[in-house]
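*Asks:* Enclosed is the structure file upload37.txt (compact mmCIF, C-alpha atoms).
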# COMPACT_ATOMS: atom_id res chain seq x y z
CA MET A 10 31.67 -7.83 9.58
CA ASN A 11 31.48 -9.62 12.90
CA ASP A 12 28.01 -10.53 14.27
CA GLN A 13 29.32 -9.61 17.73
CA THR A 14 29.15 -5.87 16.94
CA THR A 15 27.57 -3.63 19.58
CA ILE A 16 26.99 0.11 19.71
CA ARG A 17 26.35 1.91 22.97
CA TYR A 18 26.55 5.40 24.43
CA VAL A 19 30.00 6.50 25.56
CA ARG A 20 30.70 6.14 29.29
CA ASP A 21 33.23 7.72 31.65
CA LYS A 22 35.17 4.44 31.71
CA ASP A 23 35.78 4.83 27.93
CA GLU A 24 37.96 7.91 28.42
CA LYS A 25 41.33 6.25 27.73
CA PHE A 26 40.07 4.44 24.63
CA TRP A 27 38.23 7.52 23.40
CA PHE A 28 41.34 9.69 23.50
CA SER A 29 43.36 7.00 21.73
CA LEU A 30 41.21 7.85 18.67
CA ASP A 31 40.08 11.44 19.26
CA ALA A 32 42.74 14.12 19.65
CA HIS A 33 40.34 17.02 19.05
CA LEU A 34 38.19 16.92 22.18
CA SER A 35 38.97 18.33 25.61
CA VAL A 36 38.48 16.22 28.72
CA ALA A 37 35.71 18.56 29.88
CA GLU A 38 33.88 18.18 26.55
CA PHE A 39 34.32 14.40 26.70
CA HIS A 40 32.48 14.34 30.02
CA LYS A 41 29.73 16.53 28.54
CA LYS A 42 29.34 13.99 25.70
CA VAL A 43 28.97 11.25 28.31
CA ARG A 44 26.48 13.28 30.35
CA ASP A 45 24.42 14.34 27.33
CA ARG A 46 24.64 10.97 25.52
CA ARG A 47 26.18 12.61 22.46
CA GLY A 48 28.76 9.93 21.69
CA TYR A 49 28.85 6.25 20.82
CA VAL A 50 31.36 3.44 21.10
CA LEU A 51 31.29 0.58 18.61
CA SER A 52 32.76 -2.72 19.83
CA VAL A 53 33.56 -5.95 18.09
CA GLY A 54 33.12 -8.64 20.71
CA ASP A 55 34.36 -6.94 23.86
CA ARG A 56 36.95 -4.81 22.01
CA PRO A 57 36.07 -1.13 21.37
CA VAL A 58 37.13 -0.20 17.83
CA GLY A 59 35.22 2.93 16.84
CA ILE A 60 33.64 6.15 18.06
CA LEU A 61 31.15 8.74 16.88
CA ARG A 62 30.43 12.05 18.56
CA TYR A 63 27.92 14.68 17.59
CA SER A 64 26.43 18.00 18.54
CA LEU A 65 23.46 20.05 17.42
CA PHE A 66 24.25 22.63 14.74
CA TRP A 67 22.15 25.77 15.34
CA ASP A 68 20.91 23.87 18.42
CA ASN A 69 18.45 21.96 16.22
CA THR A 70 20.25 19.91 13.57
CA PRO A 71 22.33 16.80 14.37
CA PHE A 72 25.92 17.32 13.25
CA CYS A 73 28.40 14.43 13.30
CA ASN A 74 31.60 16.00 14.61
CA LEU A 75 33.71 12.86 14.41
CA LEU A 76 33.42 9.30 13.16
CA TYR A 77 36.57 7.27 13.70
CA ILE A 78 37.25 3.56 13.30
CA ALA A 79 40.59 2.12 14.42
CA GLU A 80 42.88 1.37 11.47
CA PRO A 81 42.74 -2.47 11.49
CA TYR A 82 38.92 -2.34 11.39
CA ARG A 83 38.43 0.13 8.54
CA ARG A 84 36.77 -0.77 5.24
CA ARG A 85 34.85 -3.61 6.89
CA GLY A 86 31.46 -1.91 7.28
CA TYR A 87 31.85 -0.74 10.87
CA GLY A 88 31.81 2.96 10.02
CA LYS A 89 28.66 2.48 7.96
CA LYS A 90 27.02 0.56 10.79
CA LEU A 91 27.91 3.26 13.34
CA MET A 92 26.70 6.05 11.05
CA GLU A 93 23.40 4.27 10.33
CA HIS A 94 22.85 3.71 14.05
CA TRP A 95 23.35 7.42 14.74
CA GLU A 96 21.06 8.43 11.87
CA GLN A 97 18.30 6.12 13.14
CA GLU A 98 18.60 7.50 16.66
CA MET A 99 18.37 11.04 15.29
CA LYS A 100 15.38 10.13 13.14
CA TYR A 101 13.60 8.51 16.11
CA SER A 102 14.32 11.68 18.10
CA GLY A 103 12.35 13.66 15.51
CA TYR A 104 15.13 15.16 13.43
CA ARG A 105 14.75 15.27 9.64
CA LEU A 106 18.22 16.36 8.52
CA ALA A 107 21.72 15.26 9.49
CA LEU A 108 24.97 17.12 8.77
CA VAL A 109 28.61 16.06 8.56
CA SER A 110 31.78 17.80 7.51
CA THR A 111 35.22 16.77 6.38
CA ARG A 112 38.25 18.44 4.90
CA SER A 113 38.48 18.41 1.12
CA ASP A 114 41.85 16.64 1.33
CA GLU A 115 40.43 13.71 3.34
CA GLU A 116 38.95 10.47 2.01
CA ALA A 117 35.93 10.66 4.33
CA GLN A 118 34.02 12.77 1.80
CA HIS A 119 33.70 9.69 -0.45
CA PHE A 120 32.38 7.59 2.45
CA TYR A 121 29.75 10.20 3.29
CA ARG A 122 28.61 10.59 -0.32
CA LYS A 123 28.38 6.81 -0.67
CA SER A 124 26.25 6.87 2.50
CA GLY A 125 23.72 9.22 0.88
CA TYR A 126 25.06 12.61 1.94
CA THR A 127 25.14 15.44 -0.58
CA ASP A 128 27.28 18.56 -0.63
CA CYS A 129 25.56 21.54 0.94
CA GLY A 130 28.33 24.08 1.54
CA SER A 131 31.91 24.71 2.46
CA LEU A 132 34.07 26.82 4.71
CA PHE A 133 37.47 28.32 3.99
CA LEU A 134 39.72 29.05 6.95
CA PRO A 135 43.13 30.69 6.49
CA GLY A 136 45.87 28.11 6.03
CA GLU A 137 43.47 25.15 6.07
CA ALA A 138 42.03 22.89 3.41
CA GLU A 139 38.43 23.61 2.46
CA GLU A 140 35.93 22.15 4.94
CA LEU A 141 33.11 20.42 3.08
CA PHE A 142 29.63 20.24 4.60
CA LEU A 143 27.30 17.45 3.56
CA CYS A 144 23.69 16.77 4.51
CA LYS A 145 21.23 13.90 4.36
CA ASN A 146 17.46 13.70 4.62
CA ILE A 147 16.91 11.22 7.47
CA GLY A 148 13.24 11.95 8.06
CA ASN A 149 11.70 11.17 4.66
CA ASP A 150 10.82 14.83 4.31
CA PRO A 151 10.11 15.66 0.63
CA GLN A 152 11.09 19.30 1.20
CA ILE A 153 14.66 18.28 2.10
CA GLN A 154 16.66 17.20 -0.92
Can I see the file as structure tokens?
*Replies:*
Amino acid sequence: MNDQTTIRYVRDKDEKFWFSLDAHLSVAEFHKKVRDRRGYVLSVGDRPVGILRYSLFWDNTPFCNLLYIAEPYRRRGYGKKLMEHWEQEMKYSGYRLALVSTRSDEEAQHFYRKSGYTDCGSLFLPGEAEELFLCKNIGNDPQIQ
């Protein structure tokens, strides 16, 4: 991994890059992520290569909606670095638990488990693969397994 890695909050000027990786977010929601500081851009040198956006599940639990690293930069530790940055920010903000989800037919589930997340539920929608929910204790709370 490059020592020139930076992670910062998403900005309005990131819109074109953001949508080159994220096809699931509306423009209006993108601007809400910017306003509310609920998205990050990871850069290598001055080149943006990854994004993470989140929301609050039940309005009180950080939920990573999307973590995406551009293809040429995958499997080089950038996703892990971005995820750890988000988890630390959430921990410093007072949260004790973090959630993620991924489809059962996607490889991301292995990344999340390797990152310390454990299965905590699933959702079945008609015509879709099972959506797996995973959680992680980020606040050193003994009551959260």
*Asks:* Which residue is closest to Lys100 in chain A? Choose from A:Leu34, A:Gly148, A:Ser113, A:Gly125 and count all atoms listed in the file.
*Replies:* A:Gly148
*Asks:* Restricting the calculation to all atoms listed in the file, which member of A:Glu115, A:Glu93, A:Glu98, A:Asp31 is positioned closest to Asn74 in chain A?
*Replies:*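 Of all the options, A:Asp31 lies closest to Asn74 in chain A.
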*Asks:* So how many Å separate CA of Arg83 in chain A and CA of Val36 in chain A, to one decimal?
*Replies:* 25.8 Å
*Asks:* Take the point (24.5, 8.5, 11.2) as written in the file and pick out every residue within 12 Å of it, counting all atoms listed in the file; give the list as a JSON list (two decimals) with C-alpha atoms, keeping the file's coordinate frame.
*Replies:*
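Generated output (selection35.json):
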[["chain", "number", "residue", "atom", "x", "y", "z"],
["A", 48, "GLY", "CA", 28.76, 9.93, 21.69],
["A", 49, "TYR", "CA", 28.85, 6.25, 20.82],
["A", 60, "ILE", "CA", 33.64, 6.15, 18.06],
["A", 61, "LEU", "CA", 31.15, 8.74, 16.88],
["A", 62, "ARG", "CA", 30.43, 12.05, 18.56],
["A", 63, "TYR", "CA", 27.92, 14.68, 17.59],
["A", 71, "PRO", "CA", 22.33, 16.80, 14.37],
["A", 72, "PHE", "CA", 25.92, 17.32, 13.25],
["A", 73, "CYS", "CA", 28.40, 14.43, 13.30],
["A", 74, "ASN", "CA", 31.60, 16.00, 14.61],
["A", 75, "LEU", "CA", 33.71, 12.86, 14.41],
["A", 76, "LEU", "CA", 33.42, 9.30, 13.16],
["A", 87, "TYR", "CA", 31.85, -0.74, 10.87],
["A", 88, "GLY", "CA", 31.81, 2.96, 10.02],
["A", 89, "LYS", "CA", 28.66, 2.48, 7.96],
["A", 90, "LYS", "CA", 27.02, 0.56, 10.79],
["A", 91, "LEU", "CA", 27.91, 3.26, 13.34],
["A", 92, "MET", "CA", 26.70, 6.05, 11.05],
["A", 93, "GLU", "CA", 23.40, 4.27, 10.33],
["A", 94, "HIS", "CA", 22.85, 3.71, 14.05],
["A", 95, "TRP", "CA", 23.35, 7.42, 14.74],
["A", 96, "GLU", "CA", 21.06, 8.43, 11.87],
["A", 97, "GLN", "CA", 18.30, 6.12, 13.14],
["A", 98, "GLU", "CA", 18.60, 7.50, 16.66],
["A", 99, "MET", "CA", 18.37, 11.04, 15.29],
["A", 100, "LYS", "CA", 15.38, 10.13, 13.14],
["A", 101, "TYR", "CA", 13.60, 8.51, 16.11],
["A", 104, "TYR", "CA", 15.13, 15.16, 13.43],
["A", 105, "ARG", "CA", 14.75, 15.27, 9.64],
["A", 106, "LEU", "CA", 18.22, 16.36, 8.52],
["A", 107, "ALA", "CA", 21.72, 15.26, 9.49],
["A", 108, "LEU", "CA", 24.97, 17.12, 8.77],
["A", 109, "VAL", "CA", 28.61, 16.06, 8.56],
["A", 120, "PHE", "CA", 32.38, 7.59, 2.45],
["A", 121, "TYR", "CA", 29.75, 10.20, 3.29],
["A", 124, "SER", "CA", 26.25, 6.87, 2.50],
["A", 125, "GLY", "CA", 23.72, 9.22, 0.88],
["A", 126, "TYR", "CA", 25.06, 12.61, 1.94],
["A", 144, "CYS", "CA", 23.69, 16.77, 4.51],
["A", 145, "LYS", "CA", 21.23, 13.90, 4.36],
["A", 146, "ASN", "CA", 17.46, 13.70, 4.62],
["A", 147, "ILE", "CA", 16.91, 11.22, 7.47]]
*Asks:* Between CA of Cys129 in chain A and CA of Ser110 in chain A, what is the distance, to one decimal in Å?
*Replies:* 9.8 Å
*Asks:* Interatomic distance between CA of Leu134 in chain A and CA of Ser64 in chain A?
*Replies:*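 Distance reported for this atom pair: 20.8 Å.
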*Asks:* Find, counting all atoms listed in the file, the residue in A:Asp68, A:Asp23, A:Glu116, A:Asp128 that gets nearest to His40 in chain A.
*Replies:*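 Residue with the minimum atom-to-atom distance to His40 in chain A: A:Asp23.
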*Asks:* Calculated over all atoms listed in the file, which of the candidates A:Asp45, A:Arg122, A:Thr111, A:Ser29 has the smallest distance to Ala138 in chain A?
*Replies:*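 For Ala138 in chain A, the nearest of the candidates is A:Thr111.
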*Asks:* For Ile16 in chain A, which residue out of A:Arg84, A:Val53, A:His33, A:Leu143 is the nearest one, using all atoms listed in the file?
*Replies:*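 When distances to Ile16 in chain A are compared using all atoms listed in the file, the smallest one comes from A:Val53.
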*Asks:* Taking into account only C-alpha atoms, which residue in the set A:Glu139, A:Glu38, A:Arg20, A:Gly103 is nearest to Asn69 in chain A?
*Replies:* A:Gly103
*Asks:* Residues at most 8 Å from Thr14 in chain A, counting all atoms listed in the file, excluding those fewer than 4 positions away in the same chain, as a list in words?
*Replies:*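 My reading of the contact set: Leu51, Ser52, Val53 and Gly54 of chain A.
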*Asks:* Mind listing as a list in words all residues within 10 Å of (31.7, 7.6, 32.4), counting all atoms listed in the file?
*Replies:*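 Within 10 Å of (31.7, 7.6, 32.4), the protein and nucleic acid residues are Tyr18, Val19, Arg20, Asp21, Lys22, Asp23, Glu24, Phe39, His40, Lys41, Lys42, Val43 and Arg44 of chain A.
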*Asks:* Need to verify the contact set: Asp55 in chain A, 12 Å, all atoms listed in the file, exclusion of same-chain residues closer than 5 positions in sequence. Can you return it as a PyMOL selection string?
*Replies:* chain A and resi 11+13-17+50
*Asks:* Could the residues in this selection be saved with C-alpha atoms as a PDB file, in the coordinates of the input?
*Replies:*
ATOM      1  CA  ASN A  11      31.480  -9.620  12.900  1.00  0.00           C
ATOM      2  CA  GLN A  13      29.320  -9.610  17.730  1.00  0.00           C
ATOM      3  CA  THR A  14      29.150  -5.870  16.940  1.00  0.00           C
ATOM      4  CA  THR A  15      27.570  -3.630  19.580  1.00  0.00           C
ATOM      5  CA  ILE A  16      26.990   0.110  19.710  1.00  0.00           C
ATOM      6  CA  ARG A  17      26.350   1.910  22.970  1.00  0.00           C
ATOM      7  CA  VAL A  50      31.360   3.440  21.100  1.00  0.00           C
TER       8      VAL A  50
END
*Asks:* Could you give me range 26-51 of chain A completed to N, CA, C and O atoms, formatted as a PDB file, in the coordinates of the input?
*Replies:*
ATOM      1  N   PHE A  26      40.273   4.898  26.009  1.00  0.00           N
ATOM      2  CA  PHE A  26      40.070   4.440  24.630  1.00  0.00           C
ATOM      3  C   PHE A  26      39.665   5.599  23.736  1.00  0.00           C
ATOM      4  O   PHE A  26      40.192   5.761  22.634  1.00  0.00           O
ATOM      5  N   TRP A  27      38.728   6.410  24.208  1.00  0.00           N
ATOM      6  CA  TRP A  27      38.230   7.520  23.400  1.00  0.00           C
ATOM      7  C   TRP A  27      39.393   8.399  22.923  1.00  0.00           C
ATOM      8  O   TRP A  27      39.510   8.715  21.749  1.00  0.00           O
ATOM      9  N   PHE A  28      40.255   8.783  23.857  1.00  0.00           N
ATOM     10  CA  PHE A  28      41.340   9.690  23.500  1.00  0.00           C
ATOM     11  C   PHE A  28      42.459   9.000  22.714  1.00  0.00           C
ATOM     12  O   PHE A  28      43.311   9.679  22.153  1.00  0.00           O
ATOM     13  N   SER A  29      42.417   7.691  22.619  1.00  0.00           N
ATOM     14  CA  SER A  29      43.360   7.000  21.730  1.00  0.00           C
ATOM     15  C   SER A  29      42.959   7.216  20.266  1.00  0.00           C
ATOM     16  O   SER A  29      43.783   7.065  19.366  1.00  0.00           O
ATOM     17  N   LEU A  30      41.701   7.600  20.029  1.00  0.00           N
ATOM     18  CA  LEU A  30      41.210   7.850  18.670  1.00  0.00           C
ATOM     19  C   LEU A  30      40.892   9.321  18.402  1.00  0.00           C
ATOM     20  O   LEU A  30      40.910   9.751  17.254  1.00  0.00           O
ATOM     21  N   ASP A  31      40.558  10.071  19.429  1.00  0.00           N
ATOM     22  CA  ASP A  31      40.080  11.440  19.260  1.00  0.00           C
ATOM     23  C   ASP A  31      41.014  12.437  19.937  1.00  0.00           C
ATOM     24  O   ASP A  31      41.005  12.570  21.155  1.00  0.00           O
ATOM     25  N   ALA A  32      41.792  13.139  19.119  1.00  0.00           N
ATOM     26  CA  ALA A  32      42.740  14.120  19.650  1.00  0.00           C
ATOM     27  C   ALA A  32      42.179  15.543  19.623  1.00  0.00           C
ATOM     28  O   ALA A  32      42.886  16.489  19.930  1.00  0.00           O
ATOM     29  N   HIS A  33      40.913  15.685  19.255  1.00  0.00           N
ATOM     30  CA  HIS A  33      40.340  17.020  19.050  1.00  0.00           C
ATOM     31  C   HIS A  33      39.358  17.441  20.132  1.00  0.00           C
ATOM     32  O   HIS A  33      38.743  18.503  20.017  1.00  0.00           O
ATOM     33  N   LEU A  34      39.195  16.647  21.163  1.00  0.00           N
ATOM     34  CA  LEU A  34      38.190  16.920  22.180  1.00  0.00           C
ATOM     35  C   LEU A  34      38.868  17.138  23.526  1.00  0.00           C
ATOM     36  O   LEU A  34      39.799  16.418  23.870  1.00  0.00           O
ATOM     37  N   SER A  35      38.420  18.109  24.271  1.00  0.00           N
ATOM     38  CA  SER A  35      38.970  18.330  25.610  1.00  0.00           C
ATOM     39  C   SER A  35      38.356  17.315  26.579  1.00  0.00           C
ATOM     40  O   SER A  35      37.291  16.747  26.308  1.00  0.00           O
ATOM     41  N   VAL A  36      38.995  17.126  27.698  1.00  0.00           N
ATOM     42  CA  VAL A  36      38.480  16.220  28.720  1.00  0.00           C
ATOM     43  C   VAL A  36      37.116  16.708  29.221  1.00  0.00           C
ATOM     44  O   VAL A  36      36.179  15.919  29.394  1.00  0.00           O
ATOM     45  N   ALA A  37      36.987  18.010  29.418  1.00  0.00           N
ATOM     46  CA  ALA A  37      35.710  18.560  29.880  1.00  0.00           C
ATOM     47  C   ALA A  37      34.598  18.279  28.875  1.00  0.00           C
ATOM     48  O   ALA A  37      33.483  17.900  29.251  1.00  0.00           O
ATOM     49  N   GLU A  38      34.883  18.451  27.585  1.00  0.00           N
ATOM     50  CA  GLU A  38      33.880  18.180  26.550  1.00  0.00           C
ATOM     51  C   GLU A  38      33.561  16.694  26.469  1.00  0.00           C
ATOM     52  O   GLU A  38      32.418  16.316  26.202  1.00  0.00           O
ATOM     53  N   PHE A  39      34.570  15.842  26.670  1.00  0.00           N
ATOM     54  CA  PHE A  39      34.320  14.400  26.700  1.00  0.00           C
ATOM     55  C   PHE A  39      33.263  14.083  27.759  1.00  0.00           C
ATOM     56  O   PHE A  39      32.302  13.355  27.500  1.00  0.00           O
ATOM     57  N   HIS A  40      33.434  14.633  28.950  1.00  0.00           N
ATOM     58  CA  HIS A  40      32.480  14.340  30.020  1.00  0.00           C
ATOM     59  C   HIS A  40      31.098  14.924  29.737  1.00  0.00           C
ATOM     60  O   HIS A  40      30.083  14.340  30.148  1.00  0.00           O
ATOM     61  N   LYS A  41      31.029  16.008  28.979  1.00  0.00           N
ATOM     62  CA  LYS A  41      29.730  16.530  28.540  1.00  0.00           C
ATOM     63  C   LYS A  41      29.078  15.564  27.548  1.00  0.00           C
ATOM     64  O   LYS A  41      27.858  15.370  27.579  1.00  0.00           O
ATOM     65  N   LYS A  42      29.884  14.969  26.659  1.00  0.00           N
ATOM     66  CA  LYS A  42      29.340  13.990  25.700  1.00  0.00           C
ATOM     67  C   LYS A  42      28.769  12.798  26.449  1.00  0.00           C
ATOM     68  O   LYS A  42      27.719  12.266  26.090  1.00  0.00           O
ATOM     69  N   VAL A  43      29.477  12.363  27.490  1.00  0.00           N
ATOM     70  CA  VAL A  43      28.970  11.250  28.310  1.00  0.00           C
ATOM     71  C   VAL A  43      27.658  11.661  28.968  1.00  0.00           C
ATOM     72  O   VAL A  43      26.656  10.948  28.866  1.00  0.00           O
ATOM     73  N   ARG A  44      27.665  12.796  29.624  1.00  0.00           N
ATOM     74  CA  ARG A  44      26.480  13.280  30.350  1.00  0.00           C
ATOM     75  C   ARG A  44      25.273  13.441  29.425  1.00  0.00           C
ATOM     76  O   ARG A  44      24.157  13.036  29.751  1.00  0.00           O
ATOM     77  N   ASP A  45      25.505  14.019  28.241  1.00  0.00           N
ATOM     78  CA  ASP A  45      24.420  14.340  27.330  1.00  0.00           C
ATOM     79  C   ASP A  45      24.103  13.222  26.339  1.00  0.00           C
ATOM     80  O   ASP A  45      23.231  13.395  25.484  1.00  0.00           O
ATOM     81  N   ARG A  46      24.825  12.120  26.430  1.00  0.00           N
ATOM     82  CA  ARG A  46      24.640  10.970  25.520  1.00  0.00           C
ATOM     83  C   ARG A  46      24.797  11.412  24.057  1.00  0.00           C
ATOM     84  O   ARG A  46      23.974  11.110  23.209  1.00  0.00           O
ATOM     85  N   ARG A  47      25.898  12.106  23.799  1.00  0.00           N
ATOM     86  CA  ARG A  47      26.180  12.610  22.460  1.00  0.00           C
ATOM     87  C   ARG A  47      27.421  11.946  21.864  1.00  0.00           C
ATOM     88  O   ARG A  47      28.153  12.553  21.092  1.00  0.00           O
ATOM     89  N   GLY A  48      27.646  10.691  22.243  1.00  0.00           N
ATOM     90  CA  GLY A  48      28.760   9.930  21.690  1.00  0.00           C
ATOM     91  C   GLY A  48      28.474   8.453  21.799  1.00  0.00           C
ATOM     92  O   GLY A  48      27.730   8.008  22.678  1.00  0.00           O
ATOM     93  N   TYR A  49      29.056   7.692  20.872  1.00  0.00           N
ATOM     94  CA  TYR A  49      28.850   6.250  20.820  1.00  0.00           C
ATOM     95  C   TYR A  49      30.190   5.539  20.728  1.00  0.00           C
ATOM     96  O   TYR A  49      31.144   6.064  20.155  1.00  0.00           O
ATOM     97  N   VAL A  50      30.211   4.328  21.245  1.00  0.00           N
ATOM     98  CA  VAL A  50      31.360   3.440  21.100  1.00  0.00           C
ATOM     99  C   VAL A  50      30.870   2.186  20.386  1.00  0.00           C
ATOM    100  O   VAL A  50      29.873   1.580  20.788  1.00  0.00           O
ATOM    101  N   LEU A  51      31.574   1.813  19.325  1.00  0.00           N
ATOM    102  CA  LEU A  51      31.290   0.580  18.610  1.00  0.00           C
ATOM    103  C   LEU A  51      32.324  -0.449  19.035  1.00  0.00           C
ATOM    104  O   LEU A  51      33.522  -0.158  19.033  1.00  0.00           O
TER     105      LEU A  51
END
